[in-house]
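Engineer: my_file22.cif is reproduced below (mmCIF, N, CA and C atoms).
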data_coords
#
loop_
_atom_site.label_atom_id
_atom_site.label_comp_id
_atom_site.auth_asym_id
_atom_site.auth_seq_id
_atom_site.Cartn_x
_atom_site.Cartn_y
_atom_site.Cartn_z
N MET A 615 2.94 10.80 22.45
CA MET A 615 3.26 10.26 21.15
C MET A 615 2.93 8.77 21.14
N ARG A 616 2.38 8.30 20.04
CA ARG A 616 2.02 6.89 19.92
C ARG A 616 3.25 6.03 19.71
N SER A 617 3.25 4.86 20.34
CA SER A 617 4.34 3.93 20.05
C SER A 617 4.01 3.22 18.74
N ARG A 618 5.00 3.04 17.92
CA ARG A 618 4.77 2.45 16.61
C ARG A 618 5.21 1.00 16.59
N ASN A 619 4.35 0.17 16.13
CA ASN A 619 4.69 -1.22 15.94
C ASN A 619 5.22 -1.35 14.52
N GLU A 620 6.51 -1.49 14.38
CA GLU A 620 7.15 -1.46 13.06
C GLU A 620 6.62 -2.54 12.11
N MET A 621 6.26 -3.71 12.63
CA MET A 621 5.72 -4.76 11.75
C MET A 621 4.39 -4.33 11.16
N LYS A 622 3.53 -3.71 11.98
CA LYS A 622 2.24 -3.25 11.47
C LYS A 622 2.41 -2.10 10.49
N VAL A 623 3.33 -1.19 10.78
CA VAL A 623 3.58 -0.06 9.88
C VAL A 623 4.08 -0.59 8.54
N SER A 624 4.98 -1.54 8.57
CA SER A 624 5.51 -2.13 7.34
C SER A 624 4.41 -2.83 6.54
N LYS A 625 3.55 -3.59 7.22
CA LYS A 625 2.45 -4.29 6.56
C LYS A 625 1.47 -3.29 5.95
N ALA A 626 1.15 -2.21 6.68
CA ALA A 626 0.24 -1.19 6.16
C ALA A 626 0.81 -0.54 4.90
N ARG A 627 2.09 -0.25 4.91
CA ARG A 627 2.74 0.35 3.73
C ARG A 627 2.67 -0.61 2.55
N GLN A 628 2.89 -1.88 2.81
CA GLN A 628 2.82 -2.89 1.76
C GLN A 628 1.41 -2.97 1.18
N LEU A 629 0.40 -2.95 2.04
CA LEU A 629 -0.99 -3.02 1.58
C LEU A 629 -1.37 -1.80 0.75
N ARG A 630 -0.83 -0.63 1.07
CA ARG A 630 -1.13 0.58 0.31
C ARG A 630 -0.64 0.49 -1.12
N LYS A 631 0.41 -0.29 -1.34
CA LYS A 631 0.99 -0.42 -2.68
C LYS A 631 0.20 -1.34 -3.58
N VAL A 632 -0.66 -2.19 -3.01
CA VAL A 632 -1.38 -3.19 -3.81
C VAL A 632 -2.89 -3.00 -3.75
N GLU A 633 -3.34 -1.77 -3.67
CA GLU A 633 -4.79 -1.54 -3.58
C GLU A 633 -5.47 -1.91 -4.90
N ASN A 634 -6.74 -2.29 -4.81
CA ASN A 634 -7.50 -2.64 -6.00
C ASN A 634 -8.13 -1.38 -6.60
N ASP A 635 -8.79 -1.54 -7.75
CA ASP A 635 -9.37 -0.38 -8.44
C ASP A 635 -10.40 0.35 -7.59
N ALA A 636 -11.23 -0.42 -6.86
CA ALA A 636 -12.26 0.21 -6.04
C ALA A 636 -11.63 1.04 -4.93
N GLU A 637 -10.58 0.51 -4.31
CA GLU A 637 -9.89 1.25 -3.25
C GLU A 637 -9.23 2.50 -3.81
N GLU A 638 -8.62 2.38 -4.98
CA GLU A 638 -7.95 3.52 -5.61
C GLU A 638 -8.95 4.64 -5.91
N LYS A 639 -10.10 4.29 -6.46
CA LYS A 639 -11.13 5.29 -6.78
C LYS A 639 -11.66 5.96 -5.51
N LEU A 640 -11.93 5.16 -4.50
CA LEU A 640 -12.47 5.72 -3.26
C LEU A 640 -11.42 6.60 -2.57
N TRP A 641 -10.17 6.17 -2.57
CA TRP A 641 -9.11 6.96 -1.94
C TRP A 641 -8.96 8.32 -2.62
N SER A 642 -9.16 8.36 -3.93
CA SER A 642 -9.03 9.64 -4.63
C SER A 642 -10.10 10.64 -4.16
N GLU A 643 -11.20 10.13 -3.64
CA GLU A 643 -12.27 11.00 -3.12
C GLU A 643 -12.09 11.33 -1.63
N LEU A 644 -11.40 10.45 -0.90
CA LEU A 644 -11.26 10.61 0.55
C LEU A 644 -9.99 11.36 0.96
N ARG A 645 -8.95 11.26 0.18
CA ARG A 645 -7.64 11.80 0.57
C ARG A 645 -7.65 13.32 0.65
N GLY A 646 -6.72 13.84 1.43
CA GLY A 646 -6.55 15.28 1.52
C GLY A 646 -7.76 16.05 2.02
N ARG A 647 -8.53 15.43 2.89
CA ARG A 647 -9.73 16.07 3.46
C ARG A 647 -10.73 16.52 2.38
N ARG A 648 -10.78 15.80 1.27
CA ARG A 648 -11.66 16.16 0.15
C ARG A 648 -13.14 15.91 0.45
N LEU A 649 -13.42 15.02 1.38
CA LEU A 649 -14.81 14.68 1.68
C LEU A 649 -15.27 15.50 2.87
N ASN A 650 -15.82 16.66 2.62
CA ASN A 650 -16.36 17.55 3.64
C ASN A 650 -15.36 17.87 4.76
N GLY A 651 -14.08 17.88 4.43
CA GLY A 651 -13.06 18.26 5.40
C GLY A 651 -12.65 17.17 6.39
N HIS A 652 -13.18 15.97 6.22
CA HIS A 652 -12.83 14.87 7.13
C HIS A 652 -11.53 14.22 6.70
N LYS A 653 -10.66 13.94 7.68
CA LYS A 653 -9.37 13.32 7.40
C LYS A 653 -9.50 11.80 7.46
N PHE A 654 -9.13 11.16 6.37
CA PHE A 654 -9.12 9.70 6.29
C PHE A 654 -7.69 9.21 6.13
N VAL A 655 -7.45 8.01 6.62
CA VAL A 655 -6.17 7.33 6.44
C VAL A 655 -6.44 5.99 5.78
N ARG A 656 -5.38 5.42 5.17
CA ARG A 656 -5.50 4.10 4.53
C ARG A 656 -4.78 3.06 5.37
N GLN A 657 -5.30 1.85 5.31
CA GLN A 657 -4.68 0.68 5.93
C GLN A 657 -4.31 0.92 7.39
N LEU A 658 -5.29 1.32 8.17
CA LEU A 658 -5.09 1.58 9.59
C LEU A 658 -5.12 0.27 10.37
N PRO A 659 -4.06 -0.04 11.13
CA PRO A 659 -4.10 -1.25 11.95
C PRO A 659 -5.17 -1.14 13.03
N VAL A 660 -6.03 -2.15 13.10
CA VAL A 660 -7.08 -2.22 14.12
C VAL A 660 -6.98 -3.63 14.70
N GLY A 661 -6.33 -3.73 15.84
CA GLY A 661 -6.07 -5.06 16.40
C GLY A 661 -5.25 -5.86 15.42
N PRO A 662 -5.65 -7.10 15.13
CA PRO A 662 -4.89 -7.91 14.18
C PRO A 662 -5.26 -7.63 12.71
N TYR A 663 -6.18 -6.70 12.46
CA TYR A 663 -6.68 -6.42 11.12
C TYR A 663 -6.17 -5.07 10.62
N PHE A 664 -6.44 -4.79 9.34
CA PHE A 664 -6.12 -3.50 8.75
C PHE A 664 -7.37 -2.97 8.07
N ALA A 665 -7.83 -1.81 8.50
CA ALA A 665 -9.00 -1.18 7.88
C ALA A 665 -8.57 -0.54 6.58
N ASP A 666 -9.34 -0.75 5.50
CA ASP A 666 -9.00 -0.14 4.21
C ASP A 666 -8.89 1.37 4.37
N PHE A 667 -9.90 1.98 4.98
CA PHE A 667 -9.90 3.43 5.23
C PHE A 667 -10.49 3.68 6.61
N ALA A 668 -10.09 4.77 7.22
CA ALA A 668 -10.64 5.11 8.53
C ALA A 668 -10.61 6.61 8.73
N CYS A 669 -11.64 7.12 9.39
CA CYS A 669 -11.68 8.50 9.83
C CYS A 669 -11.62 8.42 11.36
N ARG A 670 -10.45 8.73 11.91
CA ARG A 670 -10.26 8.58 13.35
C ARG A 670 -11.18 9.49 14.14
N GLU A 671 -11.34 10.74 13.71
CA GLU A 671 -12.15 11.70 14.47
C GLU A 671 -13.61 11.27 14.59
N ALA A 672 -14.08 10.48 13.62
CA ALA A 672 -15.47 10.02 13.64
C ALA A 672 -15.59 8.55 14.05
N ASN A 673 -14.45 7.91 14.39
CA ASN A 673 -14.45 6.48 14.72
C ASN A 673 -15.15 5.66 13.63
N LEU A 674 -14.81 5.96 12.38
CA LEU A 674 -15.45 5.31 11.24
C LEU A 674 -14.42 4.49 10.47
N VAL A 675 -14.75 3.23 10.23
CA VAL A 675 -13.91 2.33 9.44
C VAL A 675 -14.68 1.99 8.18
N VAL A 676 -13.98 2.05 7.03
CA VAL A 676 -14.60 1.72 5.75
C VAL A 676 -13.83 0.56 5.13
N GLU A 677 -14.53 -0.53 4.84
CA GLU A 677 -13.95 -1.68 4.17
C GLU A 677 -14.52 -1.75 2.76
N VAL A 678 -13.67 -1.94 1.78
CA VAL A 678 -14.09 -1.99 0.39
C VAL A 678 -13.90 -3.41 -0.11
N ASP A 679 -14.97 -4.01 -0.60
CA ASP A 679 -14.91 -5.37 -1.15
C ASP A 679 -15.43 -5.33 -2.57
N GLY A 680 -14.57 -5.60 -3.53
CA GLY A 680 -14.98 -5.60 -4.93
C GLY A 680 -15.25 -4.21 -5.44
N SER A 681 -15.98 -4.13 -6.53
CA SER A 681 -16.27 -2.83 -7.12
C SER A 681 -17.39 -2.15 -6.34
N GLN A 682 -17.19 -0.89 -6.07
CA GLN A 682 -18.17 -0.11 -5.31
C GLN A 682 -18.63 1.05 -6.18
N SER A 683 -19.86 1.45 -6.00
CA SER A 683 -20.37 2.59 -6.77
C SER A 683 -20.17 3.87 -5.97
N LYS A 684 -20.44 5.01 -6.62
CA LYS A 684 -20.30 6.31 -5.94
C LYS A 684 -21.28 6.46 -4.80
N SER A 685 -22.29 5.57 -4.69
CA SER A 685 -23.25 5.66 -3.59
C SER A 685 -22.56 5.41 -2.26
N VAL A 686 -21.40 4.76 -2.28
CA VAL A 686 -20.64 4.54 -1.05
C VAL A 686 -20.25 5.87 -0.44
N LEU A 687 -19.86 6.83 -1.27
CA LEU A 687 -19.52 8.17 -0.77
C LEU A 687 -20.72 8.82 -0.10
N ASP A 688 -21.91 8.66 -0.68
CA ASP A 688 -23.12 9.22 -0.07
C ASP A 688 -23.38 8.58 1.29
N THR A 689 -23.14 7.29 1.40
CA THR A 689 -23.33 6.59 2.68
C THR A 689 -22.33 7.09 3.72
N ILE A 690 -21.07 7.26 3.31
CA ILE A 690 -20.05 7.76 4.23
C ILE A 690 -20.40 9.16 4.72
N VAL A 691 -20.84 10.02 3.81
CA VAL A 691 -21.23 11.39 4.20
C VAL A 691 -22.42 11.35 5.15
N ALA A 692 -23.38 10.48 4.89
CA ALA A 692 -24.56 10.37 5.77
C ALA A 692 -24.15 9.94 7.17
N VAL A 693 -23.19 9.04 7.27
CA VAL A 693 -22.70 8.61 8.59
C VAL A 693 -21.98 9.77 9.28
N LEU A 694 -21.10 10.43 8.55
CA LEU A 694 -20.32 11.53 9.14
C LEU A 694 -21.21 12.69 9.57
N ASP A 695 -22.29 12.93 8.83
CA ASP A 695 -23.23 14.02 9.17
C ASP A 695 -24.23 13.62 10.24
N GLY A 696 -24.24 12.35 10.64
CA GLY A 696 -25.17 11.88 11.67
C GLY A 696 -26.55 11.56 11.13
N ARG A 697 -26.71 11.53 9.81
CA ARG A 697 -28.01 11.20 9.22
C ARG A 697 -28.24 9.70 9.16
N LEU A 698 -27.18 8.92 9.27
CA LEU A 698 -27.30 7.46 9.28
C LEU A 698 -26.68 6.96 10.57
N ASP A 699 -27.54 6.48 11.46
CA ASP A 699 -27.03 6.03 12.76
C ASP A 699 -27.59 4.66 13.15
N ARG A 700 -28.27 4.02 12.22
CA ARG A 700 -28.83 2.69 12.48
C ARG A 700 -28.30 1.70 11.46
N LYS A 701 -28.39 0.46 11.78
CA LYS A 701 -27.94 -0.61 10.89
C LYS A 701 -28.59 -0.46 9.52
N MET A 702 -27.76 -0.57 8.47
CA MET A 702 -28.26 -0.46 7.10
C MET A 702 -27.52 -1.50 6.27
N ILE A 703 -28.28 -2.37 5.61
CA ILE A 703 -27.68 -3.37 4.73
C ILE A 703 -28.37 -3.28 3.39
N ALA A 704 -27.57 -3.00 2.36
CA ALA A 704 -28.08 -2.92 0.99
C ALA A 704 -27.24 -3.85 0.12
N ILE A 705 -27.56 -3.89 -1.15
CA ILE A 705 -26.83 -4.77 -2.07
C ILE A 705 -25.36 -4.37 -2.16
N ASP A 706 -25.08 -3.05 -2.22
CA ASP A 706 -23.70 -2.61 -2.44
C ASP A 706 -23.05 -1.95 -1.24
N ALA A 707 -23.74 -1.91 -0.11
CA ALA A 707 -23.15 -1.26 1.08
C ALA A 707 -23.78 -1.82 2.35
N LYS A 708 -23.01 -1.74 3.42
CA LYS A 708 -23.49 -2.17 4.73
C LYS A 708 -22.94 -1.20 5.76
N PHE A 709 -23.79 -0.76 6.69
CA PHE A 709 -23.34 0.10 7.77
C PHE A 709 -23.76 -0.53 9.08
N LEU A 710 -22.79 -0.75 9.96
CA LEU A 710 -23.07 -1.29 11.30
C LEU A 710 -22.49 -0.34 12.33
N PRO A 711 -23.33 0.36 13.10
CA PRO A 711 -22.80 1.22 14.15
C PRO A 711 -21.99 0.41 15.14
N SER A 712 -21.05 1.04 15.78
CA SER A 712 -20.14 0.31 16.67
C SER A 712 -20.88 -0.43 17.77
N SER A 713 -22.00 0.08 18.24
CA SER A 713 -22.74 -0.61 19.29
C SER A 713 -23.21 -1.99 18.81
N ILE A 714 -23.53 -2.12 17.53
CA ILE A 714 -23.94 -3.41 16.98
C ILE A 714 -22.72 -4.30 16.82
N VAL A 715 -21.63 -3.76 16.32
CA VAL A 715 -20.41 -4.54 16.10
C VAL A 715 -19.88 -5.07 17.41
N GLU A 716 -19.90 -4.27 18.47
CA GLU A 716 -19.38 -4.68 19.77
C GLU A 716 -20.17 -5.84 20.36
N LYS A 717 -21.46 -5.96 20.04
CA LYS A 717 -22.29 -7.02 20.59
C LYS A 717 -22.04 -8.36 19.92
N ARG A 718 -21.40 -8.37 18.78
CA ARG A 718 -21.18 -9.62 18.03
C ARG A 718 -20.31 -10.57 18.79
#
Give the structure from this file in structure tokens form.
Structural biologist:
Amino acid sequence: MRSRNEMKVSKARQLRKVENDAEEKLWSELRGRRLNGHKFVRQLPVGPYFADFACREANLVVEVDGSQSKSVLDTIVAVLDGRLDRKMIAIDAKFLPSSIVEKR
């Protein structure tokens, strides 16, 4: 069983209550295994930070900044299906595989 850091749990709960419109729209598509059966969580503590959304089984973190289009869902599905495995930077989305992030 995981040990729970009560301060982080409390902060995550607080962040869930103040999500922006983009987060709310994306969560409605990700919750309840709606996206191809993948389980996502909101406001996952990652070190000193909180990931907006995360799929633990795929080691995928999704950060939402400002308004996002539905193309974000297509990008997430491409990552989960293994069709996107290289760095991708576009106007409305960015994907960095963990090997790139770790080198920073």
Engineer: Give me, please, the distance in Å between atom N of Phe654 in chain A and atom C of Arg670 in chain A, quoted to one decimal.
Structural biologist: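 According to the coordinates, atom N of Phe654 in chain A and atom C of Arg670 in chain A are separated by 8.2 Å.
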Engineer: Each side padded by 5 Å, which centre and which edge lengths in Å (one decimal) define the axis-aligned box around the listed atoms of range 652-668 of chain A? Give them as AutoDock Vina command-line options.
Structural biologist:
--center_x -8.6 --center_y 4.0 --center_z 10.3 --size_x 19.1 --size_y 33.9 --size_z 22.2
Engineer: Using only C-alpha atoms, which residue out of A:Leu694, A:Phe709, A:Asn673, A:Pro662 lies closest to Asn619 in chain A?
Structural biologist: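 Under the stated criterion, the closest residue is A:Pro662.
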Engineer: If you run DSSP on this backbone, which residues of chain A come out as alpha helix (DSSP H), and could you give them as a JSON list (two decimals) with N, CA and C atoms, keeping the file's coordinate frame?
Structural biologist:
[["chain", "number", "residue", "atom", "x", "y", "z"],
["A", 620, "GLU", "N", 6.51, -1.49, 14.38],
["A", 620, "GLU", "CA", 7.15, -1.46, 13.06],
["A", 620, "GLU", "C", 6.62, -2.54, 12.11],
["A", 621, "MET", "N", 6.26, -3.71, 12.63],
["A", 621, "MET", "CA", 5.72, -4.76, 11.75],
["A", 621, "MET", "C", 4.39, -4.33, 11.16],
["A", 622, "LYS", "N", 3.53, -3.71, 11.98],
["A", 622, "LYS", "CA", 2.24, -3.25, 11.47],
["A", 622, "LYS", "C", 2.41, -2.10, 10.49],
["A", 623, "VAL", "N", 3.33, -1.19, 10.78],
["A", 623, "VAL", "CA", 3.58, -0.06, 9.88],
["A", 623, "VAL", "C", 4.08, -0.59, 8.54],
["A", 624, "SER", "N", 4.98, -1.54, 8.57],
["A", 624, "SER", "CA", 5.51, -2.13, 7.34],
["A", 624, "SER", "C", 4.41, -2.83, 6.54],
["A", 625, "LYS", "N", 3.55, -3.59, 7.22],
["A", 625, "LYS", "CA", 2.45, -4.29, 6.56],
["A", 625, "LYS", "C", 1.47, -3.29, 5.95],
["A", 626, "ALA", "N", 1.15, -2.21, 6.68],
["A", 626, "ALA", "CA", 0.24, -1.19, 6.16],
["A", 626, "ALA", "C", 0.81, -0.54, 4.90],
["A", 627, "ARG", "N", 2.09, -0.25, 4.91],
["A", 627, "ARG", "CA", 2.74, 0.35, 3.73],
["A", 627, "ARG", "C", 2.67, -0.61, 2.55],
["A", 628, "GLN", "N", 2.89, -1.88, 2.81],
["A", 628, "GLN", "CA", 2.82, -2.89, 1.76],
["A", 628, "GLN", "C", 1.41, -2.97, 1.18],
["A", 629, "LEU", "N", 0.40, -2.95, 2.04],
["A", 629, "LEU", "CA", -0.99, -3.02, 1.58],
["A", 629, "LEU", "C", -1.37, -1.80, 0.75],
["A", 630, "ARG", "N", -0.83, -0.63, 1.07],
["A", 630, "ARG", "CA", -1.13, 0.58, 0.31],
["A", 630, "ARG", "C", -0.64, 0.49, -1.12],
["A", 631, "LYS", "N", 0.41, -0.29, -1.34],
["A", 631, "LYS", "CA", 0.99, -0.42, -2.68],
["A", 631, "LYS", "C", 0.20, -1.34, -3.58],
["A", 635, "ASP", "N", -8.79, -1.54, -7.75],
["A", 635, "ASP", "CA", -9.37, -0.38, -8.44],
["A", 635, "ASP", "C", -10.40, 0.35, -7.59],
["A", 636, "ALA", "N", -11.23, -0.42, -6.86],
["A", 636, "ALA", "CA", -12.26, 0.21, -6.04],
["A", 636, "ALA", "C", -11.63, 1.04, -4.93],
["A", 637, "GLU", "N", -10.58, 0.51, -4.31],
["A", 637, "GLU", "CA", -9.89, 1.25, -3.25],
["A", 637, "GLU", "C", -9.23, 2.50, -3.81],
["A", 638, "GLU", "N", -8.62, 2.38, -4.98],
["A", 638, "GLU", "CA", -7.95, 3.52, -5.61],
["A", 638, "GLU", "C", -8.95, 4.64, -5.91],
["A", 639, "LYS", "N", -10.10, 4.29, -6.46],
["A", 639, "LYS", "CA", -11.13, 5.29, -6.78],
["A", 639, "LYS", "C", -11.66, 5.96, -5.51],
["A", 640, "LEU", "N", -11.93, 5.16, -4.50],
["A", 640, "LEU", "CA", -12.47, 5.72, -3.26],
["A", 640, "LEU", "C", -11.42, 6.60, -2.57],
["A", 641, "TRP", "N", -10.17, 6.17, -2.57],
["A", 641, "TRP", "CA", -9.11, 6.96, -1.94],
["A", 641, "TRP", "C", -8.96, 8.32, -2.62],
["A", 642, "SER", "N", -9.16, 8.36, -3.93],
["A", 642, "SER", "CA", -9.03, 9.64, -4.63],
["A", 642, "SER", "C", -10.10, 10.64, -4.16],
["A", 643, "GLU", "N", -11.20, 10.13, -3.64],
["A", 643, "GLU", "CA", -12.27, 11.00, -3.12],
["A", 643, "GLU", "C", -12.09, 11.33, -1.63],
["A", 644, "LEU", "N", -11.40, 10.45, -0.90],
["A", 644, "LEU", "CA", -11.26, 10.61, 0.55],
["A", 644, "LEU", "C", -9.99, 11.36, 0.96],
["A", 685, "SER", "N", -22.29, 5.57, -4.69],
["A", 685, "SER", "CA", -23.25, 5.66, -3.59],
["A", 685, "SER", "C", -22.56, 5.41, -2.26],
["A", 686, "VAL", "N", -21.40, 4.76, -2.28],
["A", 686, "VAL", "CA", -20.64, 4.54, -1.05],
["A", 686, "VAL", "C", -20.25, 5.87, -0.44],
["A", 687, "LEU", "N", -19.86, 6.83, -1.27],
["A", 687, "LEU", "CA", -19.52, 8.17, -0.77],
["A", 687, "LEU", "C", -20.72, 8.82, -0.10],
["A", 688, "ASP", "N", -21.91, 8.66, -0.68],
["A", 688, "ASP", "CA", -23.12, 9.22, -0.07],
["A", 688, "ASP", "C", -23.38, 8.58, 1.29],
["A", 689, "THR", "N", -23.14, 7.29, 1.40],
["A", 689, "THR", "CA", -23.33, 6.59, 2.68],
["A", 689, "THR", "C", -22.33, 7.09, 3.72],
["A", 690, "ILE", "N", -21.07, 7.26, 3.31],
["A", 690, "ILE", "CA", -20.05, 7.76, 4.23],
["A", 690, "ILE", "C", -20.40, 9.16, 4.72],
["A", 691, "VAL", "N", -20.84, 10.02, 3.81],
["A", 691, "VAL", "CA", -21.23, 11.39, 4.20],
["A", 691, "VAL", "C", -22.42, 11.35, 5.15],
["A", 692, "ALA", "N", -23.38, 10.48, 4.89],
["A", 692, "ALA", "CA", -24.56, 10.37, 5.77],
["A", 692, "ALA", "C", -24.15, 9.94, 7.17],
["A", 693, "VAL", "N", -23.19, 9.04, 7.27],
["A", 693, "VAL", "CA", -22.70, 8.61, 8.59],
["A", 693, "VAL", "C", -21.98, 9.77, 9.28],
["A", 694, "LEU", "N", -21.10, 10.43, 8.55],
["A", 694, "LEU", "CA", -20.32, 11.53, 9.14],
["A", 694, "LEU", "C", -21.21, 12.69, 9.57],
["A", 712, "SER", "N", -21.05, 1.04, 15.78],
["A", 712, "SER", "CA", -20.14, 0.31, 16.67],
["A", 712, "SER", "C", -20.88, -0.43, 17.77],
["A", 713, "SER", "N", -22.00, 0.08, 18.24],
["A", 713, "SER", "CA", -22.74, -0.61, 19.29],
["A", 713, "SER", "C", -23.21, -1.99, 18.81],
["A", 714, "ILE", "N", -23.53, -2.12, 17.53],
["A", 714, "ILE", "CA", -23.94, -3.41, 16.98],
["A", 714, "ILE", "C", -22.72, -4.30, 16.82],
["A", 715, "VAL", "N", -21.63, -3.76, 16.32],
["A", 715, "VAL", "CA", -20.41, -4.54, 16.10],
["A", 715, "VAL", "C", -19.88, -5.07, 17.41],
["A", 716, "GLU", "N", -19.90, -4.27, 18.47],
["A", 716, "GLU", "CA", -19.38, -4.68, 19.77],
["A", 716, "GLU", "C", -20.17, -5.84, 20.36],
["A", 717, "LYS", "N", -21.46, -5.96, 20.04],
["A", 717, "LYS", "CA", -22.29, -7.02, 20.59],
["A", 717, "LYS", "C", -22.04, -8.36, 19.92]]
Engineer: Do a neighbour search on range 629-631 of chain A at 7 Å with all atoms listed in the file, toss out local chain neighbours closer than 3 positions, and write the hits as a ChimeraX atom specification.
Structural biologist: /A:624-626,656-657
Engineer: Export N, CA and C atoms of the chosen residues as a CSV table (one decimal), keeping the file's coordinate frame?
Structural biologist:
chain,number,residue,atom,x,y,z
A,624,SER,N,5.0,-1.5,8.6
A,624,SER,CA,5.5,-2.1,7.3
A,624,SER,C,4.4,-2.8,6.5
A,625,LYS,N,3.6,-3.6,7.2
A,625,LYS,CA,2.4,-4.3,6.6
A,625,LYS,C,1.5,-3.3,6.0
A,626,ALA,N,1.2,-2.2,6.7
A,626,ALA,CA,0.2,-1.2,6.2
A,626,ALA,C,0.8,-0.5,4.9
A,656,ARG,N,-5.4,5.4,5.2
A,656,ARG,CA,-5.5,4.1,4.5
A,656,ARG,C,-4.8,3.1,5.4
A,657,GLN,N,-5.3,1.8,5.3
A,657,GLN,CA,-4.7,0.7,5.9
A,657,GLN,C,-4.3,0.9,7.4
Engineer: Taking all heavy atoms as the atom set, what does range 683-689 of chain A look like once completed, written as a JSON list (two decimals), keeping the file's coordinate frame?
Structural biologist:
[["chain", "number", "residue", "atom", "x", "y", "z"],
["A", 683, "SER", "N", -19.86, 1.45, -6.00],
["A", 683, "SER", "CA", -20.37, 2.59, -6.77],
["A", 683, "SER", "C", -20.17, 3.87, -5.97],
["A", 683, "SER", "O", -19.80, 3.86, -4.81],
["A", 683, "SER", "CB", -21.85, 2.39, -7.08],
["A", 683, "SER", "OG", -22.58, 2.42, -5.87],
["A", 684, "LYS", "N", -20.44, 5.01, -6.62],
["A", 684, "LYS", "CA", -20.30, 6.31, -5.94],
["A", 684, "LYS", "C", -21.28, 6.46, -4.80],
["A", 684, "LYS", "O", -21.14, 7.34, -3.98],
["A", 684, "LYS", "CB", -20.52, 7.44, -6.93],
["A", 684, "LYS", "CG", -19.37, 7.67, -7.89],
["A", 684, "LYS", "CD", -18.36, 8.57, -7.22],
["A", 684, "LYS", "CE", -17.35, 9.03, -8.25],
["A", 684, "LYS", "NZ", -16.49, 10.09, -7.78],
["A", 685, "SER", "N", -22.29, 5.57, -4.69],
["A", 685, "SER", "CA", -23.25, 5.66, -3.59],
["A", 685, "SER", "C", -22.56, 5.41, -2.26],
["A", 685, "SER", "O", -23.07, 5.81, -1.21],
["A", 685, "SER", "CB", -24.41, 4.69, -3.79],
["A", 685, "SER", "OG", -23.94, 3.36, -3.73],
["A", 686, "VAL", "N", -21.40, 4.76, -2.28],
["A", 686, "VAL", "CA", -20.64, 4.54, -1.05],
["A", 686, "VAL", "C", -20.25, 5.87, -0.44],
["A", 686, "VAL", "O", -20.32, 6.06, 0.77],
["A", 686, "VAL", "CB", -19.39, 3.66, -1.33],
["A", 686, "VAL", "CG1", -18.49, 3.60, -0.12],
["A", 686, "VAL", "CG2", -19.82, 2.27, -1.75],
["A", 687, "LEU", "N", -19.86, 6.83, -1.27],
["A", 687, "LEU", "CA", -19.52, 8.17, -0.77],
["A", 687, "LEU", "C", -20.72, 8.82, -0.10],
["A", 687, "LEU", "O", -20.59, 9.45, 0.95],
["A", 687, "LEU", "CB", -19.02, 9.06, -1.91],
["A", 687, "LEU", "CG", -17.62, 8.75, -2.41],
["A", 687, "LEU", "CD1", -17.31, 9.59, -3.64],
["A", 687, "LEU", "CD2", -16.60, 8.98, -1.34],
["A", 688, "ASP", "N", -21.91, 8.66, -0.68],
["A", 688, "ASP", "CA", -23.12, 9.22, -0.07],
["A", 688, "ASP", "C", -23.38, 8.58, 1.29],
["A", 688, "ASP", "O", -23.79, 9.26, 2.23],
["A", 688, "ASP", "CB", -24.34, 8.99, -0.98],
["A", 688, "ASP", "CG", -24.25, 9.78, -2.28],
["A", 688, "ASP", "OD1", -23.58, 10.83, -2.29],
["A", 688, "ASP", "OD2", -24.85, 9.34, -3.27],
["A", 689, "THR", "N", -23.14, 7.29, 1.40],
["A", 689, "THR", "CA", -23.33, 6.59, 2.68],
["A", 689, "THR", "C", -22.33, 7.09, 3.72],
["A", 689, "THR", "O", -22.69, 7.34, 4.87],
["A", 689, "THR", "CB", -23.19, 5.07, 2.48],
["A", 689, "THR", "OG1", -24.12, 4.63, 1.48],
["A", 689, "THR", "CG2", -23.43, 4.32, 3.77]]
